[in-house]
Structure formats: structure tokens, C-alpha cells
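Peer 1: For reference, the file structure.csv (CSV, C-alpha atoms) is included below:
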```csv
chain,number,residue,atom,x,y,z
A,100,MET,CA,107.1,-69.4,-86.5
A,101,LEU,CA,104.2,-68.0,-88.7
A,102,LYS,CA,101.8,-70.4,-87.1
A,103,MET,CA,102.7,-68.8,-83.7
A,104,ALA,CA,102.9,-65.2,-84.9
A,105,ALA,CA,99.5,-65.2,-86.7
A,106,PRO,CA,97.4,-66.0,-83.6
A,107,VAL,CA,99.4,-63.6,-81.5
A,108,LEU,CA,98.7,-60.8,-84.0
A,109,ALA,CA,95.0,-61.8,-84.0
A,110,GLY,CA,94.9,-61.6,-80.2
A,111,VAL,CA,96.5,-58.1,-80.3
A,112,MET,CA,94.0,-56.9,-83.0
A,113,ALA,CA,91.1,-58.4,-81.1
A,114,LEU,CA,91.8,-56.2,-78.1
A,115,HIS,CA,91.7,-53.1,-80.3
A,116,GLN,CA,88.1,-53.9,-81.3
A,117,PHE,CA,86.9,-53.2,-77.7
A,118,PRO,CA,85.6,-49.7,-77.1
A,119,ALA,CA,87.2,-49.8,-73.7
A,120,LEU,CA,89.7,-52.0,-71.9
A,121,PRO,CA,88.1,-55.1,-70.3
A,122,ARG,CA,87.9,-55.1,-66.6
A,123,PRO,CA,90.8,-57.1,-64.9
A,124,ALA,CA,88.3,-59.3,-63.0
A,125,TRP,CA,87.3,-61.0,-66.3
A,126,ALA,CA,90.8,-62.2,-67.0
A,127,VAL,CA,91.0,-65.4,-64.9
A,128,PRO,CA,87.5,-66.8,-65.6
A,129,VAL,CA,87.9,-66.2,-69.3
A,130,LEU,CA,91.3,-67.9,-69.4
A,131,ILE,CA,90.0,-70.9,-67.5
A,132,LEU,CA,86.9,-71.2,-69.7
A,133,ALA,CA,89.0,-71.0,-72.9
A,134,LEU,CA,91.3,-73.7,-71.8
A,135,MET,CA,88.4,-76.0,-70.8
A,136,VAL,CA,86.6,-75.5,-74.1
A,137,ALA,CA,89.7,-75.9,-76.3
A,138,ARG,CA,90.5,-79.5,-77.2
A,139,GLY,CA,93.5,-81.0,-79.1
A,140,SER,CA,94.8,-78.9,-82.0
A,141,ALA,CA,92.6,-75.9,-80.9
A,142,ARG,CA,95.0,-75.2,-78.1
A,143,VAL,CA,97.9,-74.7,-80.6
A,144,TRP,CA,96.4,-71.4,-81.8
A,145,LEU,CA,94.3,-70.5,-78.7
A,146,LEU,CA,97.3,-70.1,-76.3
A,147,PRO,CA,99.2,-67.8,-78.6
A,148,PHE,CA,96.0,-65.9,-79.3
A,149,LEU,CA,95.4,-65.4,-75.5
A,150,ALA,CA,99.1,-64.4,-75.1
A,151,GLY,CA,98.8,-61.7,-77.7
A,152,PHE,CA,95.5,-60.5,-76.2
A,153,ALA,CA,96.9,-60.4,-72.7
A,154,TRP,CA,100.1,-58.7,-73.7
A,155,ALA,CA,98.2,-55.9,-75.6
A,156,TRP,CA,95.8,-55.6,-72.6
A,157,TRP,CA,98.7,-55.2,-70.1
A,158,VAL,CA,100.6,-52.7,-72.2
A,159,ALA,CA,97.5,-50.6,-72.9
A,160,GLY,CA,96.5,-50.7,-69.3
A,161,ALA,CA,100.0,-49.6,-68.1
A,162,ALA,CA,100.0,-46.7,-70.6
A,163,LEU,CA,96.5,-45.5,-69.6
A,164,SER,CA,97.4,-45.7,-65.9
A,165,GLU,CA,100.2,-43.2,-66.5
A,166,ARG,CA,98.0,-40.5,-67.8
A,167,LEU,CA,97.3,-37.3,-65.8
A,168,PRO,CA,94.0,-37.6,-63.9
A,169,ALA,CA,91.3,-35.1,-64.6
A,170,GLU,CA,91.4,-33.6,-61.1
A,171,PHE,CA,94.9,-32.3,-61.6
A,172,HIS,CA,94.2,-30.5,-64.9
A,173,GLY,CA,94.9,-26.8,-64.5
A,174,ARG,CA,96.6,-27.2,-61.2
A,175,ASP,CA,100.2,-26.4,-60.3
A,176,VAL,CA,102.4,-29.4,-59.3
A,177,ILE,CA,106.0,-29.5,-58.2
A,178,LEU,CA,108.2,-32.2,-59.9
A,179,GLN,CA,111.8,-33.1,-59.4
A,180,GLY,CA,113.6,-35.0,-62.2
A,181,TYR,CA,115.7,-34.4,-65.3
A,182,VAL,CA,115.4,-33.3,-68.9
A,183,ALA,CA,114.7,-36.6,-70.7
A,184,SER,CA,115.2,-35.5,-74.3
A,185,PHE,CA,116.9,-33.1,-76.6
A,186,VAL,CA,115.5,-29.6,-76.1
A,187,ALA,CA,113.7,-28.0,-79.1
A,188,ALA,CA,113.8,-24.2,-79.2
A,189,SER,CA,111.4,-22.1,-81.2
A,190,ASP,CA,109.5,-18.8,-80.9
A,191,HIS,CA,110.9,-17.9,-77.4
A,192,ARG,CA,109.9,-21.4,-76.1
A,193,LEU,CA,111.8,-24.5,-75.1
A,194,THR,CA,110.0,-27.9,-75.4
A,195,PHE,CA,111.3,-31.1,-73.8
A,196,ASP,CA,110.4,-34.3,-72.1
A,197,PHE,CA,110.8,-34.5,-68.4
A,198,GLN,CA,111.3,-37.7,-66.4
A,199,VAL,CA,110.5,-37.7,-62.7
A,200,TYR,CA,113.1,-39.7,-60.8
A,201,ASN,CA,111.7,-39.6,-57.3
A,202,ASP,CA,108.2,-40.1,-56.0
A,203,PRO,CA,105.9,-37.2,-57.1
A,204,PRO,CA,103.9,-35.3,-54.5
A,205,PHE,CA,100.9,-37.3,-55.5
A,206,SER,CA,101.1,-41.0,-56.5
A,207,GLU,CA,98.5,-40.4,-59.2
A,208,LEU,CA,100.8,-38.2,-61.2
A,209,PRO,CA,102.6,-39.6,-64.3
A,210,THR,CA,106.4,-39.9,-64.2
A,211,ARG,CA,107.0,-38.7,-67.7
A,212,TRP,CA,105.8,-35.3,-69.1
A,213,ARG,CA,106.0,-33.1,-72.2
A,214,LEU,CA,106.8,-29.6,-71.0
A,215,SER,CA,107.1,-26.2,-72.5
A,216,TRP,CA,109.0,-23.2,-71.0
A,217,TYR,CA,108.0,-19.9,-72.4
A,218,ARG,CA,110.4,-16.9,-72.4
A,219,PRO,CA,113.2,-19.1,-70.9
A,220,ARG,CA,115.9,-17.3,-68.9
A,221,HIS,CA,118.6,-19.7,-69.9
A,222,PRO,CA,119.1,-22.8,-72.1
A,223,LEU,CA,118.5,-26.3,-70.8
A,224,GLU,CA,120.8,-29.3,-71.4
A,225,PRO,CA,119.6,-32.9,-71.9
A,226,GLY,CA,120.0,-34.9,-68.7
A,227,GLU,CA,120.0,-31.8,-66.6
A,228,ASP,CA,118.5,-32.2,-63.1
A,229,LEU,CA,115.7,-29.8,-62.3
A,230,ARG,CA,113.0,-28.9,-59.8
A,231,VAL,CA,110.0,-27.5,-61.7
A,232,THR,CA,106.6,-26.0,-60.9
A,233,VAL,CA,104.3,-27.1,-63.7
A,234,ARG,CA,100.8,-26.0,-64.7
A,235,ALA,CA,99.5,-29.5,-65.5
A,236,ARG,CA,97.4,-30.2,-68.5
A,237,GLN,CA,95.8,-33.4,-69.7
A,238,ALA,CA,96.9,-34.7,-73.1
A,239,HIS,CA,94.5,-33.6,-75.9
A,240,THR,CA,94.4,-33.0,-79.6
A,241,LEU,CA,92.4,-31.1,-82.2
A,242,GLY,CA,89.3,-32.8,-83.6
A,243,ASN,CA,90.5,-32.5,-87.2
A,244,PRO,CA,90.9,-36.1,-88.4
A,245,ALA,CA,93.3,-35.0,-91.2
A,246,GLY,CA,95.6,-33.3,-88.7
A,247,PHE,CA,98.4,-34.5,-86.5
A,248,ASP,CA,97.1,-36.7,-83.6
A,249,TYR,CA,99.1,-35.1,-80.8
A,250,GLU,CA,97.3,-37.1,-78.1
A,251,GLY,CA,98.0,-40.4,-79.9
A,252,TRP,CA,101.6,-39.4,-80.3
A,253,LEU,CA,101.9,-38.6,-76.5
A,254,PHE,CA,100.3,-42.0,-75.8
A,255,ARG,CA,102.7,-43.9,-78.0
A,256,GLN,CA,105.7,-42.1,-76.4
A,257,ARG,CA,104.3,-42.9,-72.9
A,258,LEU,CA,104.1,-39.2,-72.0
A,259,GLY,CA,101.4,-39.1,-69.4
A,260,GLY,CA,101.0,-35.4,-68.9
A,261,THR,CA,101.7,-32.0,-70.5
A,262,GLY,CA,102.1,-28.5,-69.1
A,263,TYR,CA,104.2,-25.4,-69.0
A,264,VAL,CA,106.8,-24.4,-66.6
A,265,ARG,CA,105.9,-21.7,-64.1
A,266,GLY,CA,109.1,-22.0,-62.0
A,267,LEU,CA,112.4,-23.8,-62.4
A,268,SER,CA,115.6,-24.3,-60.4
A,269,ARG,CA,118.6,-26.6,-60.9
A,270,VAL,CA,119.3,-29.3,-58.4
A,271,THR,CA,122.1,-31.8,-57.9
A,272,ARG,CA,121.8,-35.5,-58.2
A,273,ARG,CA,124.9,-37.5,-57.1
A,274,GLN,CA,124.2,-40.7,-59.0
A,275,PRO,CA,122.4,-40.3,-62.3
A,276,GLY,CA,120.6,-43.3,-63.7
A,277,LEU,CA,121.8,-45.2,-66.8
A,278,SER,CA,119.3,-43.6,-69.2
A,279,GLN,CA,120.2,-40.1,-67.9
A,280,TRP,CA,123.9,-40.8,-68.2
A,281,TRP,CA,123.5,-42.1,-71.8
A,282,LEU,CA,121.4,-39.0,-72.8
A,283,ARG,CA,124.2,-36.8,-71.5
A,284,GLN,CA,126.7,-38.7,-73.6
A,285,ARG,CA,124.6,-38.4,-76.7
A,286,ALA,CA,124.2,-34.6,-76.1
A,287,GLN,CA,128.0,-34.2,-75.8
A,288,LEU,CA,128.5,-36.0,-79.0
A,289,TYR,CA,125.9,-33.9,-80.7
A,290,GLN,CA,127.6,-30.7,-79.6
A,291,GLU,CA,130.8,-32.1,-81.0
A,292,PHE,CA,129.1,-32.7,-84.4
A,293,ILE,CA,127.9,-29.0,-84.3
A,294,ARG,CA,131.3,-27.7,-83.4
A,295,THR,CA,133.2,-29.6,-86.1
A,296,SER,CA,130.6,-29.8,-88.9
A,297,GLY,CA,128.7,-26.5,-88.6
A,298,ALA,CA,125.4,-26.6,-90.5
A,299,ARG,CA,125.9,-30.3,-91.3
A,300,GLY,CA,126.0,-31.2,-87.6
A,301,ALA,CA,122.2,-31.3,-87.3
A,302,MET,CA,122.0,-33.9,-90.1
A,303,LEU,CA,124.9,-36.0,-88.6
A,304,GLY,CA,123.2,-35.8,-85.2
A,305,ALA,CA,119.9,-37.0,-86.7
A,306,LEU,CA,121.5,-39.9,-88.6
A,307,ALA,CA,123.8,-41.1,-85.8
A,308,LEU,CA,122.0,-40.1,-82.6
A,309,GLY,CA,118.3,-39.7,-83.6
A,310,ALA,CA,118.5,-36.0,-82.6
A,311,ARG,CA,116.1,-34.0,-84.8
A,312,HIS,CA,115.3,-31.1,-82.6
A,313,ASP,CA,117.4,-28.6,-84.6
A,314,PHE,CA,115.7,-29.4,-87.9
A,315,THR,CA,114.0,-26.4,-89.5
A,316,THR,CA,110.9,-26.4,-91.7
A,317,ARG,CA,113.2,-26.1,-94.7
A,318,ASP,CA,115.1,-29.1,-93.7
A,319,TRP,CA,112.0,-31.2,-93.4
A,320,ASP,CA,110.7,-29.9,-96.7
A,321,VAL,CA,114.0,-30.9,-98.5
A,322,LEU,CA,113.7,-34.4,-97.0
A,323,ARG,CA,110.1,-34.8,-98.1
A,324,ARG,CA,110.8,-33.5,-101.6
A,325,THR,CA,113.8,-35.8,-102.1
A,326,GLY,CA,112.1,-38.9,-100.5
A,327,THR,CA,114.8,-39.3,-97.8
A,328,SER,CA,112.7,-38.7,-94.7
A,329,HIS,CA,113.2,-42.3,-93.7
A,330,LEU,CA,116.9,-41.7,-93.2
A,331,VAL,CA,116.3,-39.6,-90.2
A,332,ALA,CA,113.4,-41.7,-89.0
A,333,ILE,CA,114.6,-45.4,-88.9
A,334,SER,CA,117.1,-46.1,-91.6
A,335,GLY,CA,119.6,-43.6,-90.3
A,336,LEU,CA,119.8,-45.5,-87.1
A,337,HIS,CA,120.6,-48.7,-89.0
A,338,VAL,CA,123.4,-46.9,-90.9
A,339,GLY,CA,124.9,-45.6,-87.7
A,340,LEU,CA,124.8,-49.1,-86.2
A,341,VAL,CA,126.6,-50.6,-89.2
A,342,ALA,CA,129.2,-47.9,-89.1
A,343,GLY,CA,129.8,-48.2,-85.4
A,344,VAL,CA,130.1,-52.0,-85.3
A,345,VAL,CA,132.4,-52.1,-88.4
A,346,PHE,CA,134.6,-49.3,-86.8
A,347,LEU,CA,135.0,-51.2,-83.5
A,348,PHE,CA,135.7,-54.5,-85.2
A,349,LEU,CA,138.2,-53.2,-87.7
A,350,ARG,CA,140.0,-51.1,-85.2
A,351,SER,CA,140.5,-54.1,-82.9
A,352,VAL,CA,141.8,-56.1,-85.9
A,353,LEU,CA,144.1,-53.4,-87.2
A,354,LEU,CA,145.7,-52.8,-83.8
A,355,ARG,CA,146.9,-56.4,-83.9
A,356,LEU,CA,148.6,-56.2,-87.2
A,357,PRO,CA,152.4,-55.9,-86.7
A,358,TRP,CA,153.0,-54.9,-90.3
A,359,LEU,CA,150.7,-51.8,-90.2
A,360,PRO,CA,152.8,-48.8,-91.1
A,361,ILE,CA,153.4,-46.5,-88.2
A,362,CYS,CA,152.2,-43.5,-90.3
A,363,LEU,CA,148.7,-45.1,-90.5
A,364,ARG,CA,146.7,-44.9,-87.3
A,365,ALA,CA,144.3,-47.8,-86.8
A,366,ALA,CA,141.5,-45.5,-85.7
A,367,ASP,CA,141.7,-43.3,-88.8
A,368,LEU,CA,141.9,-46.3,-91.1
A,369,ALA,CA,139.0,-48.0,-89.4
A,370,CYS,CA,137.0,-44.8,-89.6
A,371,TRP,CA,137.3,-44.5,-93.3
A,372,LEU,CA,136.5,-48.2,-93.8
A,373,ALA,CA,133.4,-47.8,-91.6
A,374,VAL,CA,132.3,-44.9,-93.7
A,375,ALA,CA,132.7,-47.0,-96.8
A,376,PHE,CA,130.6,-49.8,-95.3
A,377,ALA,CA,127.9,-47.3,-94.2
A,378,ALA,CA,127.8,-45.9,-97.8
A,379,ILE,CA,127.3,-49.4,-99.2
```
Let's see the structure in the file written out as C-alpha cells.
Peer 2:
Amino acid sequence: MLKMAAPVLAGVMALHQFPALPRPAWAVPVLILALMVARGSARVWLLPFLAGFAWAWWVAGAALSERLPAEFHGRDVILQGYVASFVAASDHRLTFDFQVYNDPPFSELPTRWRLSWYRPRHPLEPGEDLRVTVRARQAHTLGNPAGFDYEGWLFRQRLGGTGYVRGLSRVTRRQPGLSQWWLRQRAQLYQEFIRTSGARGAMLGALALGARHDFTTRDWDVLRRTGTSHLVAISGLHVGLVAGVVFLFLRSVLLRLPWLPICLRAADLACWLAVAFAAI
């Protein structure tokens, strides 16, 4: 496995040494030449190397093709889609991801955006269908090398354009897609956390659902000072997966035990055991 992974990684890293993506026209002749030159054992590492190089090339090209073209910068565009993330509220502004679910008015426009709505007239819900008029902006960041690379973050999140909402109206979509439906389910569960747990609901939502939009500056400061930021970044997801799998497994087992006292509900007992496994 390591003999395969090492040349794949080398191919990915090789692409990142280029100042710009190679032209697609070079792909076929370079591949043919490499296979002709390689003999015997050389092909064992050459093929994984080329696979890693081609994969990184394709992913980077797909991400770059989704960025907002320069000619649309500063123009108003009309998009129809849905709120594709939890909505962060701060300083009379709502910030959210927006997914276009039908063909945009121009095929060059990206299908995924990062939008802000200043002085909102009403709250927005994750998964809500909207028709928005957006003042489009190209992704950019400050030139401070020690600061947050906002443009790089947008690129990694596959958010091709930014902008602010100039007009907004609700629309109705009869059959939401799977990702939109799943986002709505997560949002409903998050609201249940807030309703039942109060101030602790934001932390539960971050651990179980990856929803960090309600975290305050003080919350992040506490996590940094205690060295537990990783819990709401990656490890919290693992804890939630362990708890969920254990709960479903134990509940199915307990429901099949004829000697389980009627005063003990299988779901409640499985819940407490899942909490114990998550704590471990």
C-alpha cells in the first residue's frame, strides 16, 4: 500500500509546483511518452505517479472553472436555489452558502455562492428555497500573509462566487434534492437541541451536527484556551458517529430481549449506553 501511496502523493505534489495549471492539450502526448519511456519496474511507480498528478489536475481544474468570471464582478445577477448551510447572524447581517439548483441565467456563473444579506427583514432557514438578486463579487482576500486566507478557504469549500443580497423572495420547490432534505433534517435537530438544552445547545449542535454558526467569540476563546477546538472541528464528528452507531445497534438488540423489564424502555437504555461509549 505504501509503495502505491508514495508515488500518488508525489504526483499530487508535483502538480502544485506549477505556477499555473498545464494546458489539457498536453495530457495525452505526455502520457504516451511516459509509458513509452518507462520500462519494467519503472512502470510500477510511474503509473501511480501519473494517476496522482492527473487526479490533482482534474480537481484543481474543476474548482477553478467554478469561479466567478471577471466580467460579472460588480454586476447584479438573479439566482434561484436554496440556503445550503446554517445561517450565521451578526451585526445586522446574515451570512450563508447558496446553492443554485437550476441553470443560472449565464452558464459561466458558479452554482455555489457565499452570500451576505445586510439589514435582513426576516430570518432564513437552512434548506429554504429562494430567488435572490445578488451583487456579484469575485473571491478575494487581504494581502496580509499572517491573516486568514479567505480566498483560499472559499476555494477549498468550492464556493465560486461571493456577493450581497439586493433582493430576495421565497419560492416553492416540490421535490427537494437529497442534500437539501438532509440539511433541513439537521436544522430541525439543531433547533431541538436549542429548545431542550438552552445555552448548551450550540455546543451539542457543533459536536453532533457540525453546526458552529452560533458560536460567539467567547466560545472560541474558551476552546482555544482549553485546547479543545479539535472537538468541534473533526473529533466531535467521530464522537457523534460512535454514539449514533452504538445507539442504533444496542436499541435493536435490546428490543429483542424478552426478559427486559417493561419499566425500562429500550431507547432510553440504549441512549445511556451510547453516551457511555462516546465518553470512553
Peer 1: What is the CA of Ser278 (chain A) to CA of Phe247 (chain A) distance in Å?
Peer 2: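 These atoms are spaced 28.6 Å apart.
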Peer 1: Would you list the contacts of Leu288 (chain A) as a VMD selection string, taking every protein, DNA or RNA residue within 10 Å and counting all atoms listed in the file, but skipping same-chain residues closer than 5 positions in sequence?
Peer 2: chain A and resid 282 to 283 293 to 294 304 307 to 308
Peer 1: Fewer than 3 positions away in the same chain doesn't count, so skip those; otherwise give me all residues within 12 Å of Arg285 (chain A), counting all atoms listed in the file, as a list of chain:residue names.
Peer 2: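 So the residues in contact are A:Ala183, A:Ser184, A:Phe185, A:Glu224, A:Pro225, A:Gly226, A:Ser278, A:Gln279, A:Trp280, A:Trp281, A:Leu282, A:Leu288, A:Tyr289, A:Gln290, A:Glu291, A:Phe292, A:Gly304, A:Ala305, A:Ala307, A:Leu308, A:Gly309, A:Ala310.
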Peer 1: Just give me the residues with any atom within 10 Å of (117.0, -25.3, -68.6), file coordinates, counting all atoms listed in the file, written as a ChimeraX atom specification.
Peer 2: /A:181-182,186,193,195,216,219-225,227-229,267-269
Peer 1: Return as a tab-separated table the residues of region 253-280 of chain A lying at most 12 Å from region 143-161 of chain A, together with the closest atom-to-atom pair for each and the distance in Å to one decimal, counting all atoms listed in the file, with rows in chain order and ascending residue number.
Peer 2:
```
residue	atom	partner	partner_atom	distance
A:Phe254	CA	A:Ala159	CA	9.5
A:Arg255	CA	A:Ala159	CA	9.9
A:Arg257	CA	A:Ala161	CA	9.3
A:Leu258	CA	A:Ala161	CA	11.8
A:Gly259	CA	A:Ala161	CA	10.7
```
Peer 1: What is the distance, in Å and to one decimal place, between CA of Val341 (chain A) and CA of Ala187 (chain A)?
Peer 2: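 According to the coordinates, CA of Val341 (chain A) and CA of Ala187 (chain A) are separated by 27.9 Å.
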Peer 1: Produce a table with one row for each residue of region 303-352 of chain A that has an atom at most 8 Å from any atom of region 372-375 of chain A, each row naming the nearest atom pair and its distance in Å at one decimal; use all atoms listed in the file; arrange rows by chain and rising residue number; format as JSON lines.
Peer 2:
```
{"residue": "A:Val341", "atom": "CA", "partner": "A:Ala373", "partner_atom": "CA", "distance": 7.7}
{"residue": "A:Ala342", "atom": "CA", "partner": "A:Ala373", "partner_atom": "CA", "distance": 4.9}
{"residue": "A:Gly343", "atom": "CA", "partner": "A:Ala373", "partner_atom": "CA", "distance": 7.2}
{"residue": "A:Val345", "atom": "CA", "partner": "A:Ala373", "partner_atom": "CA", "distance": 5.5}
{"residue": "A:Phe346", "atom": "CA", "partner": "A:Ala373", "partner_atom": "CA", "distance": 5.2}
```
Peer 1: Counting all atoms listed in the file, which of A:Leu354, A:Leu253, A:Leu114, A:Ala104 gets nearest to Arg166 (chain A)?
Peer 2: A:Leu253
